[in-house]
file protein-v8.cif (mmCIF, C-alpha atoms)
data_input
loop_
_atom_site.label_atom_id
_atom_site.label_comp_id
_atom_site.auth_asym_id
_atom_site.auth_seq_id
_atom_site.Cartn_x
_atom_site.Cartn_y
_atom_site.Cartn_z
CA GLY A 1 15.09 23.08 5.22
CA THR A 2 15.76 19.47 4.33
CA THR A 3 18.03 18.86 7.34
CA ALA A 4 15.48 20.29 9.79
CA LEU A 5 12.71 18.24 8.21
CA ALA A 6 14.79 15.07 8.50
CA ALA A 7 15.67 15.82 12.14
CA ALA A 8 12.06 16.49 13.13
CA GLY A 9 10.84 13.43 11.25
CA LEU A 10 13.48 11.23 12.82
CA GLY A 11 12.79 12.58 16.30
CA ASN A 12 9.06 12.12 15.93
CA GLY A 13 9.55 8.58 14.62
CA LEU A 14 11.73 7.66 17.60
CA PHE A 15 9.21 9.18 20.01
CA PHE A 16 6.41 7.13 18.44
CA ALA A 17 8.47 3.94 18.51
CA VAL A 18 9.19 4.30 22.24
CA SER A 19 5.78 5.70 23.21
CA SER A 20 3.91 2.90 21.41
CA PHE A 21 5.04 0.52 24.16
CA GLY A 22 3.89 3.00 26.80
CA MET A 23 0.54 3.37 25.07
CA GLY A 24 -0.02 -0.36 25.26
CA LEU A 25 1.06 -0.46 28.88
CA MET A 26 -1.55 2.17 29.79
CA MET A 27 -4.22 0.18 27.94
CA GLY A 28 -3.92 -2.34 30.77
CA PHE A 29 -6.37 -0.06 32.60
CA ASP A 30 -9.01 -0.42 29.82
CA PRO A 31 -10.53 -3.75 30.97
CA LEU A 32 -10.06 -2.93 34.65
CA LEU A 33 -12.02 0.33 34.30
CA SER A 34 -14.77 -0.97 32.01
CA GLN A 35 -15.32 -4.08 34.13
CA ALA A 36 -15.48 -1.93 37.28
CA MET A 37 -18.10 0.26 35.61
CA GLY A 38 -20.03 -2.80 34.45
CA ALA A 39 -20.10 -4.04 38.04
CA ARG A 40 -21.11 -0.49 39.15
CA GLN A 41 -18.04 -0.31 41.36
CA PHE A 42 -17.67 3.45 40.94
CA SER A 43 -15.24 3.86 43.83
CA ARG A 44 -13.02 1.21 42.26
CA ALA A 45 -13.11 3.08 38.91
CA ARG A 46 -12.06 6.36 40.54
CA ALA A 47 -9.27 4.58 42.41
CA LEU A 48 -7.99 3.05 39.16
CA LEU A 49 -7.94 6.49 37.54
CA TRP A 50 -5.56 7.71 40.24
CA GLN A 51 -3.39 4.62 39.92
CA GLY A 52 -3.26 5.21 36.17
CA GLY A 53 -1.84 8.63 36.91
CA TRP A 54 0.95 7.08 38.99
CA MET A 55 1.64 4.52 36.26
CA ALA A 56 1.84 7.33 33.69
CA LEU A 57 4.34 9.18 35.87
CA PHE A 58 6.60 6.19 36.53
CA ALA A 59 6.50 4.80 32.97
CA GLY A 60 6.66 8.28 31.42
CA VAL A 61 9.80 9.29 33.30
CA LEU A 62 11.47 5.98 32.42
CA LEU A 63 10.56 6.10 28.71
CA GLY A 64 11.28 9.83 28.50
CA SER A 65 14.74 9.23 29.92
CA LEU A 66 15.28 6.49 27.34
CA LEU A 67 14.38 8.97 24.59
CA LEU A 68 17.04 11.40 25.78
CA VAL A 69 19.82 8.85 25.26
CA THR A 70 18.70 7.57 21.82
CA PRO A 71 20.37 10.39 19.81
CA ALA A 72 23.76 9.10 20.99
CA LEU A 73 23.08 5.89 19.05
CA LEU A 74 22.05 7.56 15.78
CA PRO A 75 25.60 8.01 14.39
CA LEU A 76 25.94 4.22 14.52
CA ALA A 77 23.19 4.06 11.85
CA GLY A 78 25.20 6.32 9.56
CA ILE A 79 23.08 9.43 10.18
CA GLY A 80 24.86 12.75 9.63
CA PRO A 81 25.90 15.01 12.52
CA GLU A 82 23.55 17.88 11.56
CA VAL A 83 20.50 15.59 11.57
CA VAL A 84 21.65 14.00 14.85
CA SER A 85 22.03 17.44 16.43
CA GLY A 86 18.52 18.45 15.33
CA ALA A 87 17.05 15.17 16.58
CA ARG A 88 18.78 15.71 19.95
CA ASP A 89 17.18 19.16 20.25
CA TYR A 90 13.82 17.67 19.33
CA MET A 91 14.08 14.97 22.00
CA LEU A 92 15.13 17.47 24.67
CA TRP A 93 11.85 19.37 24.28
CA ARG A 94 9.58 16.43 23.45
CA ALA A 95 10.65 13.86 26.06
CA PRO A 96 9.08 15.78 29.01
CA SER A 97 5.67 15.31 27.38
CA MET A 98 5.85 11.51 27.69
CA PRO A 99 4.26 11.35 31.20
CA LEU A 100 1.60 13.85 30.05
CA MET A 101 0.71 11.76 27.00
CA LEU A 102 0.46 8.56 29.04
CA ALA A 103 -1.68 10.35 31.63
CA PHE A 104 -3.98 11.50 28.83
CA LEU A 105 -4.35 7.88 27.74
CA THR A 106 -5.33 6.90 31.28
CA VAL A 107 -8.03 9.57 31.41
CA ARG A 108 -9.14 8.49 27.92
CA SER A 109 -9.65 4.94 29.20
CA TYR A 110 -11.68 6.29 32.13
CA LEU A 111 -13.88 8.51 29.93
CA GLN A 112 -14.45 5.62 27.51
CA SER A 113 -15.53 3.37 30.34
CA THR A 114 -18.10 5.98 31.44
CA ALA A 115 -19.34 6.48 27.84
CA PHE A 116 -18.34 10.16 27.98
CA THR A 117 -16.08 10.51 24.94
CA ARG A 118 -16.92 14.02 23.71
CA PRO A 119 -14.07 15.65 25.72
CA LEU A 120 -11.61 13.45 23.81
CA VAL A 121 -12.76 14.97 20.53
CA VAL A 122 -12.80 18.51 21.94
CA SER A 123 -9.29 18.16 23.38
CA THR A 124 -7.87 16.79 20.14
CA VAL A 125 -9.43 19.50 17.96
CA ALA A 126 -8.23 22.19 20.38
CA ALA A 127 -4.73 20.70 20.37
CA ASN A 128 -4.61 20.76 16.56
CA VAL A 129 -5.63 24.42 16.51
CA LEU A 130 -2.96 25.28 19.09
CA ASN A 131 -0.41 23.23 17.18
CA LEU A 132 -0.79 25.33 14.04
CA GLY A 133 -0.19 28.65 15.79
CA ALA A 134 2.47 27.32 18.16
CA ASP A 135 4.46 25.75 15.33
CA ILE A 136 4.46 28.97 13.32
CA LEU A 137 5.51 31.02 16.36
CA LEU A 138 8.07 28.67 17.93
CA VAL A 139 9.68 27.31 14.77
CA PHE A 140 10.07 30.65 12.95
CA GLY A 141 9.99 33.08 15.89
CA GLY A 142 7.84 36.12 16.52
CA ALA A 143 10.09 38.85 15.12
CA GLY A 144 8.01 39.20 11.96
CA LEU A 145 4.66 39.54 13.74
CA PRO A 146 2.72 42.85 13.71
CA ALA A 147 3.14 45.17 16.70
CA TYR A 148 -0.24 44.28 18.24
CA PHE A 149 1.06 40.79 19.07
CA GLY A 150 3.07 42.44 21.85
CA PRO A 151 5.39 40.13 23.84
CA LEU A 152 4.95 37.30 21.30
CA ARG A 153 7.31 39.25 19.03
CA TRP A 154 10.13 38.52 21.47
CA VAL A 155 9.85 34.74 21.04
CA PRO A 156 13.04 33.50 19.34
CA ALA A 157 13.08 31.15 16.37
CA MET A 158 13.71 27.67 17.80
CA GLY A 159 13.55 25.60 14.62
CA VAL A 160 13.28 21.85 15.26
CA ALA A 161 13.20 22.39 19.03
CA GLY A 162 10.23 24.75 18.57
CA SER A 163 8.33 22.03 16.74
CA ALA A 164 8.86 19.65 19.66
CA LEU A 165 7.90 22.28 22.24
CA ALA A 166 4.69 23.05 20.32
CA THR A 167 3.71 19.38 20.41
CA SER A 168 4.48 19.15 24.13
CA LEU A 169 2.25 22.18 24.79
CA CYS A 170 -0.53 20.51 22.80
CA THR A 171 -0.22 17.39 24.95
CA LEU A 172 -0.49 19.54 28.09
CA LEU A 173 -3.62 21.23 26.70
CA GLN A 174 -5.23 17.87 25.88
CA LEU A 175 -4.58 16.56 29.37
CA GLY A 176 -5.93 19.71 30.97
CA ILE A 177 -9.20 19.55 29.01
CA VAL A 178 -9.94 15.90 29.80
CA LEU A 179 -9.04 16.32 33.48
CA ALA A 180 -11.45 19.26 33.69
CA ALA A 181 -14.13 17.04 32.12
CA VAL A 182 -13.53 14.31 34.72
CA ARG A 183 -13.68 16.82 37.55
CA ALA A 184 -16.93 18.30 36.23
CA ARG A 185 -18.62 14.89 36.00
CA PRO A 186 -18.20 12.97 39.29
CA LEU A 187 -19.52 9.44 39.69
CA GLU A 188 -22.50 9.31 42.04
CA GLY A 189 -21.69 7.43 45.24
CA ALA A 190 -17.97 7.09 44.51
CA ALA A 191 -15.86 7.30 47.66
CA ARG A 192 -12.77 9.48 47.86
CA PRO A 193 -9.98 7.35 46.33
CA VAL A 194 -6.59 6.61 47.79
CA ARG A 195 -4.25 9.08 46.12
CA THR A 196 -0.97 7.36 46.90
CA PRO A 197 0.43 4.48 44.81
CA VAL A 198 -1.28 1.15 45.43
CA TRP A 199 1.30 -1.35 44.27
CA ALA A 200 -1.16 -4.24 43.90
CA ASP A 201 -3.26 -2.22 41.44
CA LEU A 202 -0.19 -1.05 39.55
CA ALA A 203 1.12 -4.60 39.31
CA GLN A 204 -2.25 -5.87 38.04
CA ALA A 205 -2.45 -3.15 35.40
CA ALA A 206 1.13 -3.91 34.35
CA ARG A 207 0.34 -7.64 34.00
CA VAL A 208 -2.58 -6.81 31.70
CA GLY A 209 -0.88 -3.94 29.88
CA LEU A 210 2.57 -5.41 29.26
CA PRO A 211 1.37 -7.89 26.58
CA ILE A 212 -0.58 -5.04 24.92
CA GLY A 213 2.55 -2.90 24.83
CA LEU A 214 4.55 -5.77 23.34
CA HIS A 215 1.75 -6.46 20.84
CA ILE A 216 1.66 -2.84 19.66
CA ALA A 217 5.45 -2.68 19.49
CA ALA A 218 5.48 -5.90 17.44
CA GLU A 219 2.84 -4.60 15.02
CA VAL A 220 4.49 -1.20 14.63
CA GLY A 221 7.81 -2.96 14.22
CA VAL A 222 6.76 -5.18 11.33
CA PHE A 223 5.30 -2.27 9.36
CA ALA A 224 8.37 -0.15 10.11
CA LEU A 225 10.53 -3.03 8.87
CA ALA A 226 8.43 -3.21 5.71
CA GLY A 227 9.19 0.48 5.15
CA VAL A 228 12.90 -0.17 5.59
CA LEU A 229 12.77 -3.08 3.13
CA ALA A 230 10.85 -0.92 0.63
CA GLY A 231 13.49 1.79 1.07
CA GLY A 232 16.15 -0.68 -0.05
CA LEU A 233 14.34 -1.06 -3.36
CA GLY A 234 14.71 2.62 -4.25
CA PRO A 235 12.93 5.96 -3.75
CA THR A 236 9.95 5.10 -5.98
CA SER A 237 9.20 1.96 -3.96
CA VAL A 238 9.41 3.74 -0.62
CA GLY A 239 7.27 6.61 -1.96
CA ALA A 240 4.58 4.20 -3.12
CA HIS A 241 4.74 2.35 0.21
CA GLN A 242 4.30 5.56 2.21
CA ILE A 243 1.27 6.69 0.19
CA ALA A 244 -0.44 3.31 0.36
CA ILE A 245 0.24 2.87 4.08
CA SER A 246 -1.20 6.33 4.72
CA PHE A 247 -4.53 5.43 3.11
CA SER A 248 -4.60 2.07 4.90
CA SER A 249 -3.92 3.80 8.22
CA VAL A 250 -6.87 6.17 7.76
CA THR A 251 -9.39 3.36 7.42
CA PHE A 252 -7.76 1.39 10.24
CA THR A 253 -8.30 4.26 12.71
CA VAL A 254 -12.07 3.77 12.35
CA ALA A 255 -11.76 0.02 12.95
CA MET A 256 -9.58 0.74 15.97
CA GLY A 257 -12.25 3.12 17.31
CA ILE A 258 -14.87 0.40 16.91
CA GLY A 259 -12.49 -1.97 18.70
CA ASN A 260 -12.20 0.49 21.61
CA ALA A 261 -16.00 0.73 21.80
CA GLY A 262 -16.19 -3.07 21.69
CA SER A 263 -13.61 -3.26 24.48
CA VAL A 264 -15.75 -1.04 26.71
CA ARG A 265 -19.03 -2.84 25.99
CA VAL A 266 -17.51 -6.29 26.47
CA GLY A 267 -15.92 -5.06 29.70
CA TRP A 268 -19.26 -3.71 30.95
CA ALA A 269 -20.90 -7.08 30.30
CA VAL A 270 -18.07 -9.07 31.87
CA GLY A 271 -18.18 -6.83 34.94
CA ALA A 272 -21.93 -7.46 35.18
CA HIS A 273 -21.34 -11.26 34.85
CA ASN A 274 -23.35 -11.31 31.62
CA THR A 275 -21.37 -13.50 29.21
CA PRO A 276 -24.12 -13.70 26.52
CA GLN A 277 -24.19 -9.88 26.33
CA ALA A 278 -20.39 -9.79 26.15
CA ARG A 279 -20.46 -12.28 23.27
CA LEU A 280 -23.12 -10.28 21.44
CA SER A 281 -21.26 -6.98 21.95
CA GLY A 282 -18.01 -8.53 20.75
CA PHE A 283 -19.45 -10.00 17.57
CA MET A 284 -21.36 -6.79 16.82
CA ALA A 285 -18.03 -4.96 17.05
CA PHE A 286 -16.46 -7.50 14.68
CA ALA A 287 -19.34 -6.98 12.24
CA GLY A 288 -19.09 -3.19 12.47
CA GLY A 289 -15.34 -3.19 11.91
CA ALA A 290 -15.49 -5.65 9.02
CA GLY A 291 -18.42 -3.80 7.46
CA PHE A 292 -16.68 -0.43 7.46
CA MET A 293 -13.41 -1.90 6.19
CA ALA A 294 -15.31 -3.64 3.38
CA LEU A 295 -16.45 -0.19 2.23
CA GLY A 296 -12.85 0.99 2.41
CA ALA A 297 -11.77 -2.02 0.34
CA LEU A 298 -14.38 -1.16 -2.28
CA VAL A 299 -13.08 2.42 -2.56
CA PHE A 300 -9.47 1.23 -2.83
CA ALA A 301 -10.37 -1.34 -5.50
CA LEU A 302 -12.52 1.00 -7.62
CA PHE A 303 -10.49 4.22 -7.41
CA PRO A 304 -6.81 3.34 -6.82
CA LYS A 305 -5.44 5.74 -9.44
CA ALA A 306 -7.60 8.63 -8.27
CA LEU A 307 -6.50 8.09 -4.66
CA ALA A 308 -2.85 7.96 -5.69
CA GLN A 309 -3.25 11.22 -7.58
CA LEU A 310 -5.06 12.76 -4.63
CA ALA A 311 -2.00 11.97 -2.50
CA GLY A 312 0.20 13.78 -5.02
CA ALA A 313 2.03 10.68 -6.29
CA PRO A 314 4.67 11.67 -8.88
CA GLU A 315 4.43 10.13 -12.34
CA ASP A 316 7.16 7.57 -11.65
CA VAL A 317 5.54 6.52 -8.34
CA LEU A 318 1.92 6.38 -9.57
CA PRO A 319 2.19 2.98 -11.36
CA MET A 320 3.51 1.40 -8.15
CA VAL A 321 0.87 2.90 -5.83
CA VAL A 322 -2.08 1.40 -7.74
CA PRO A 323 -1.16 -2.31 -7.20
CA LEU A 324 -0.38 -1.61 -3.53
CA LEU A 325 -3.84 -0.13 -3.02
CA MET A 326 -5.29 -3.24 -4.68
CA VAL A 327 -3.42 -5.42 -2.17
CA SER A 328 -4.69 -3.14 0.59
CA ALA A 329 -8.24 -3.68 -0.68
CA VAL A 330 -7.74 -7.42 -0.17
CA PHE A 331 -6.58 -7.16 3.44
CA GLN A 332 -8.88 -4.32 4.59
CA VAL A 333 -11.52 -6.60 6.13
CA PHE A 334 -8.89 -8.74 7.86
CA ASP A 335 -7.12 -5.62 9.15
CA GLY A 336 -10.43 -4.44 10.61
CA VAL A 337 -11.15 -7.81 12.21
CA GLN A 338 -7.74 -7.99 13.88
CA GLY A 339 -8.02 -4.38 15.08
CA VAL A 340 -11.44 -5.03 16.60
CA GLY A 341 -10.31 -8.42 17.93
CA ALA A 342 -7.55 -6.82 19.97
CA GLY A 343 -10.17 -4.50 21.49
CA VAL A 344 -12.83 -7.04 22.41
CA LEU A 345 -10.27 -9.47 23.85
CA ARG A 346 -8.85 -6.57 25.87
CA GLY A 347 -12.34 -5.93 27.25
CA ALA A 348 -12.52 -9.58 28.26
CA GLY A 349 -9.16 -9.26 30.03
CA ASP A 350 -7.29 -11.53 27.58
CA THR A 351 -4.24 -9.64 26.30
CA ARG A 352 -1.53 -12.31 26.13
CA PHE A 353 -3.12 -14.21 23.26
CA THR A 354 -3.22 -11.04 21.13
CA PHE A 355 0.52 -10.59 21.60
CA LEU A 356 1.24 -14.22 20.71
CA ALA A 357 -1.05 -14.07 17.67
CA ASN A 358 0.75 -10.95 16.40
CA MET A 359 4.18 -12.47 16.90
CA LEU A 360 3.26 -15.69 15.09
CA GLY A 361 1.14 -14.05 12.39
CA HIS A 362 3.49 -11.20 11.50
CA TYR A 363 6.91 -12.70 12.22
CA ALA A 364 6.45 -16.45 11.65
CA ILE A 365 4.13 -16.13 8.62
CA GLY A 366 4.08 -12.57 7.26
CA LEU A 367 7.78 -11.67 7.42
CA PRO A 368 9.12 -14.87 5.77
CA LEU A 369 6.56 -14.46 2.98
CA THR A 370 7.53 -10.79 2.66
CA LEU A 371 11.17 -11.76 2.10
CA LEU A 372 10.28 -14.65 -0.22
CA LEU A 373 7.84 -12.71 -2.42
CA GLY A 374 9.57 -9.34 -2.33
CA PHE A 375 13.14 -10.51 -2.86
CA GLY A 376 13.20 -14.26 -3.57
CA LEU A 377 10.58 -14.08 -6.34
CA LYS A 378 11.57 -10.49 -7.28
CA LEU A 379 8.06 -9.05 -6.83
CA GLY A 380 9.47 -5.94 -5.16
CA VAL A 381 7.32 -3.75 -2.95
CA VAL A 382 4.15 -5.53 -4.12
CA GLY A 383 5.58 -8.79 -2.79
CA ILE A 384 6.37 -7.06 0.51
CA TRP A 385 2.73 -6.03 0.77
CA TRP A 386 1.42 -9.51 -0.02
CA GLY A 387 3.56 -10.75 2.87
CA LEU A 388 2.00 -8.13 5.17
CA CYS A 389 -1.41 -9.22 3.90
CA ALA A 390 -0.74 -12.86 4.84
CA GLY A 391 0.31 -11.84 8.34
CA LEU A 392 -2.83 -9.73 8.87
CA ILE A 393 -5.06 -12.58 7.69
CA ALA A 394 -3.42 -15.01 10.14
CA VAL A 395 -3.80 -12.59 13.08
CA ALA A 396 -7.43 -11.80 12.21
CA VAL A 397 -8.45 -15.46 12.01
CA ALA A 398 -6.66 -16.24 15.30
CA LEU A 399 -8.30 -13.38 17.24
CA LEU A 400 -11.78 -14.13 15.90
CA TRP A 401 -11.38 -17.80 16.85
CA ARG A 402 -10.08 -16.87 20.31
CA PHE A 403 -13.04 -14.61 21.13
CA HIS A 404 -15.50 -17.21 19.83
CA ARG A 405 -13.93 -19.84 22.06
CA LEU A 406 -13.69 -17.65 25.17
CA SER A 407 -17.21 -16.23 24.92
CA ALA A 408 -18.69 -19.70 24.39
CA GLY A 409 -17.85 -20.39 28.03
CA THR A 410 -18.10 -18.05 31.03
CA LEU A 411 -16.19 -14.78 30.99
CA ARG A 412 -15.06 -13.71 34.46
CA PRO A 413 -13.91 -10.24 35.55
CA LEU A 414 -10.31 -9.61 36.41
CA GLU A 415 -9.82 -9.87 40.16
CA ALA A 416 -9.60 -6.58 42.03
#

call {"tool": "encode", "arguments": {"input": "protein-v8.cif", "output": "structure tokens"}}
result
Amino acid sequence: GTTALAAAGLGNGLFFAVSSFGMGLMMGFDPLLSQAMGARQFSRARALLWQGGWMALFAGVLLGSLLLVTPALLPLAGIGPEVVSGARDYMLWRAPSMPLMLAFLTVRSYLQSTAFTRPLVVSTVAANVLNLGADILLVFGGAGLPAYFGPLRWVPAMGVAGSALATSLCTLLQLGIVLAAVRARPLEGAARPVRTPVWADLAQAARVGLPIGLHIAAEVGVFALAGVLAGGLGPTSVGAHQIAISFSSVTFTVAMGIGNAGSVRVGWAVGAHNTPQARLSGFMAFAGGAGFMALGALVFALFPKALAQLAGAPEDVLPMVVPLLMVSAVFQVFDGVQGVGAGVLRGAGDTRFTFLANMLGHYAIGLPLTLLLGFGLKLGVVGIWWGLCAGLIAVAVALLWRFHRLSAGTLRPLEA
């Protein structure tokens, strides 16, 4: 039903908004792990993996608790009681998965640093398969299943809460698979790590990760704000915005993956005290990200109407999607460069500049232009997107310049 869909969507959106900060915080372990591997300090890498688990527990409990109180604030935004009730049920079953998700991100950083990324793909595919069956069973209940399903027929229909529980179970499965992969592939010569919290390591990871968390929250925030502004222009504008942002997000995931690879390779080189290799790896990542996004831009520019129809755009929304995809074609390369730039600077241990560049680019340049073009000059949702485009260009140029300047000198590992 519409109310259940709204409650689940709202709950999932709130979870993503809060967890995005936690995701960035856990990324503070990315440069520490890759630089330790580059220096062949395998015992240090194993120790950091354990400390990442403690960080995931502490931050996950804190952020999960924050999620549980957010439904109380929803009525202040004018949201109806039925939707609020559904969102509260969703949070109750989804919040416990926050520490599990953050722990998965820690293990992901470790596996990336060891160049063993296949378990990440396996765990995600397995989680998607489980999600399909678990959603059907937990949302609608097992009463209608054939007799040979046995005890599963006794599972009650949980509705929105069942959707959240299914996702939490998927997170648990993902974490279990990657932990099994780590256990099955020990690092040769690594000493048994300290398994209690080491506050110096946690503080160092927090210093590196906090700007990343703020950077991700700032970037998510400006695009969320653009969606809110588009919503104020009417349902056709927000529909066009959602379709265009979906296509842009698909291409960006590839650039982000290249940025993660660049982060690891730059970190390896920095850990090995090989600045020329770090510079080469960083610029190769920039080239790879920009090259792929240029292909994406070409597709958006040549086939905007076909893509809009593929997404099922209604007739009244279709004319608005096409110009947005053309704007997206313009900023694709810059979006790729800024996505990769965040990764390679993270590998070098420089995370504060990325946060500052995002704040200035998106909020000092992009947002004022969004308001001016979208509402001052009456360009509507297209003007909003040109403002986003300007912000992305500013961030991309800043991050490329920063890496060029840093790598022209001597890159030093973060102190253990």

call {"tool": "atom_distance", "arguments": {"input": "protein-v8.cif", "atom1": "CA of Ile258 (chain A)", "atom2": "CA of Ala190 (chain A)"}}
result
28.6 Å

call {"tool": "closest_residue", "arguments": {"input": "protein-v8.cif", "among": "A:Gly64, A:Gly159, A:Gly271, A:Gly339", "to": "Phe286 (chain A)", "atoms": "only C-alpha atoms"}}
result
A:Gly339

call {"tool": "atom_distance", "arguments": {"input": "protein-v8.cif", "atom1": "CA of Gly86 (chain A)", "atom2": "CA of Leu73 (chain A)"}}
result
13.9 Å

call {"tool": "residues_around", "arguments": {"input": "protein-v8.cif", "residues": "region 233-242 of chain A", "least_positions_apart": "2", "cutoff": "6 Å", "atoms": "all atoms listed in the file", "output": "MDAnalysis selection string"}}
result
chainID A and resid 230:231 244:245 317 320:321

call {"tool": "residues_around", "arguments": {"input": "protein-v8.cif", "residues": "Leu100 (chain A)", "least_positions_apart": "3", "cutoff": "8 Å", "atoms": "only C-alpha atoms", "output": "PyMOL selection string"}}
result
chain A and resi 56-57+60+96-97+103-104+171-172+175

call {"tool": "residues_around", "arguments": {"input": "protein-v8.cif", "residues": "Ala308 (chain A)", "least_positions_apart": "3", "cutoff": "12 Å", "atoms": "only C-alpha atoms", "output": "VMD selection string"}}
result
chain A and resid 239 to 247 300 to 301 303 to 305 311 to 326

call {"tool": "residues_around", "arguments": {"input": "protein-v8.cif", "residues": "Ala269 (chain A)", "least_positions_apart": "2", "cutoff": "12 Å", "atoms": "all atoms listed in the file", "output": "PDB file with C-alpha atoms, keeping the file's coordinate frame"}}
result
ATOM      1  CA  PRO A  31     -10.530  -3.750  30.970  1.00  0.00           C
ATOM      2  CA  SER A  34     -14.770  -0.970  32.010  1.00  0.00           C
ATOM      3  CA  GLN A  35     -15.320  -4.080  34.130  1.00  0.00           C
ATOM      4  CA  ALA A  36     -15.480  -1.930  37.280  1.00  0.00           C
ATOM      5  CA  MET A  37     -18.100   0.260  35.610  1.00  0.00           C
ATOM      6  CA  GLY A  38     -20.030  -2.800  34.450  1.00  0.00           C
ATOM      7  CA  ALA A  39     -20.100  -4.040  38.040  1.00  0.00           C
ATOM      8  CA  ARG A  40     -21.110  -0.490  39.150  1.00  0.00           C
ATOM      9  CA  SER A 113     -15.530   3.370  30.340  1.00  0.00           C
ATOM     10  CA  GLY A 262     -16.190  -3.070  21.690  1.00  0.00           C
ATOM     11  CA  SER A 263     -13.610  -3.260  24.480  1.00  0.00           C
ATOM     12  CA  VAL A 264     -15.750  -1.040  26.710  1.00  0.00           C
ATOM     13  CA  ARG A 265     -19.030  -2.840  25.990  1.00  0.00           C
ATOM     14  CA  VAL A 266     -17.510  -6.290  26.470  1.00  0.00           C
ATOM     15  CA  GLY A 267     -15.920  -5.060  29.700  1.00  0.00           C
ATOM     16  CA  GLY A 271     -18.180  -6.830  34.940  1.00  0.00           C
ATOM     17  CA  ALA A 272     -21.930  -7.460  35.180  1.00  0.00           C
ATOM     18  CA  HIS A 273     -21.340 -11.260  34.850  1.00  0.00           C
ATOM     19  CA  ASN A 274     -23.350 -11.310  31.620  1.00  0.00           C
ATOM     20  CA  THR A 275     -21.370 -13.500  29.210  1.00  0.00           C
ATOM     21  CA  PRO A 276     -24.120 -13.700  26.520  1.00  0.00           C
ATOM     22  CA  GLN A 277     -24.190  -9.880  26.330  1.00  0.00           C
ATOM     23  CA  ALA A 278     -20.390  -9.790  26.150  1.00  0.00           C
ATOM     24  CA  ARG A 279     -20.460 -12.280  23.270  1.00  0.00           C
ATOM     25  CA  LEU A 280     -23.120 -10.280  21.440  1.00  0.00           C
ATOM     26  CA  SER A 281     -21.260  -6.980  21.950  1.00  0.00           C
ATOM     27  CA  GLY A 282     -18.010  -8.530  20.750  1.00  0.00           C
ATOM     28  CA  VAL A 344     -12.830  -7.040  22.410  1.00  0.00           C
ATOM     29  CA  GLY A 347     -12.340  -5.930  27.250  1.00  0.00           C
ATOM     30  CA  ALA A 348     -12.520  -9.580  28.260  1.00  0.00           C
ATOM     31  CA  GLY A 349      -9.160  -9.260  30.030  1.00  0.00           C
ATOM     32  CA  SER A 407     -17.210 -16.230  24.920  1.00  0.00           C
ATOM     33  CA  THR A 410     -18.100 -18.050  31.030  1.00  0.00           C
ATOM     34  CA  LEU A 411     -16.190 -14.780  30.990  1.00  0.00           C
ATOM     35  CA  ARG A 412     -15.060 -13.710  34.460  1.00  0.00           C
ATOM     36  CA  PRO A 413     -13.910 -10.240  35.550  1.00  0.00           C
TER      37      PRO A 413
END

call {"tool": "closest_residue", "arguments": {"input": "protein-v8.cif", "among": "A:Ala161, A:Val125, A:Leu111, A:Met27", "to": "Met91 (chain A)", "atoms": "all atoms listed in the file"}}
result
A:Ala161

call {"tool": "closest_residue", "arguments": {"input": "protein-v8.cif", "among": "A:Gln174, A:Asn358, A:Ser328, A:Ser43", "to": "Ala396 (chain A)", "atoms": "only C-alpha atoms"}}
result
A:Asn358

call {"tool": "resolve_selection", "arguments": {"input": "protein-v8.cif", "expression": "the PyMOL selection byres ((chain A and resi 350) around 10)", "output": "ChimeraX atom specification"}}
result
/A:31,208,211-212,342-349,351-355,402-403,406,414

call {"tool": "resolve_selection", "arguments": {"input": "protein-v8.cif", "expression": "the PyMOL selection byres ((chain A and resi 47) around 12)", "output": "PyMOL selection string"}}
result
chain A and resi 29+32-33+36-37+41-46+48-54+110+187+190-198+201-202+416

call {"tool": "resolve_selection", "arguments": {"input": "protein-v8.cif", "expression": "the PyMOL selection byres ((chain A and resi 162) around 9)", "output": "ChimeraX atom specification"}}
result
/A:90,93,134-141,157-161,163-167

call {"tool": "closest_residue", "arguments": {"input": "protein-v8.cif", "among": "A:Ala180, A:Leu62, A:Met359, A:Ala147", "to": "Ala217 (chain A)", "atoms": "all atoms listed in the file"}}
result
A:Met359

call {"tool": "atom_distance", "arguments": {"input": "protein-v8.cif", "atom1": "CA of Gly391 (chain A)", "atom2": "CA of Lys378 (chain A)"}}
result
19.3 Å

call {"tool": "residues_around", "arguments": {"input": "protein-v8.cif", "residues": "Gly296 (chain A)", "least_positions_apart": "5", "cutoff": "10 Å", "atoms": "only C-alpha atoms", "output": "PyMOL selection string"}}
result
chain A and resi 247-248+250-252+290-291+301+328-329+332-333

call {"tool": "write_last_selection", "arguments": {"input": "protein-v8.cif", "atoms": "C-alpha atoms", "output": "CSV table (one decimal), keeping the file's coordinate frame"}}
result
chain,number,residue,atom,x,y,z
A,247,PHE,CA,-4.5,5.4,3.1
A,248,SER,CA,-4.6,2.1,4.9
A,250,VAL,CA,-6.9,6.2,7.8
A,251,THR,CA,-9.4,3.4,7.4
A,252,PHE,CA,-7.8,1.4,10.2
A,290,ALA,CA,-15.5,-5.6,9.0
A,291,GLY,CA,-18.4,-3.8,7.5
A,301,ALA,CA,-10.4,-1.3,-5.5
A,328,SER,CA,-4.7,-3.1,0.6
A,329,ALA,CA,-8.2,-3.7,-0.7
A,332,GLN,CA,-8.9,-4.3,4.6
A,333,VAL,CA,-11.5,-6.6,6.1

call {"tool": "closest_residue", "arguments": {"input": "protein-v8.cif", "among": "A:Ser109, A:Gln204, A:Gln338, A:Ser85", "to": "Leu400 (chain A)", "atoms": "only C-alpha atoms"}}
result
A:Gln338
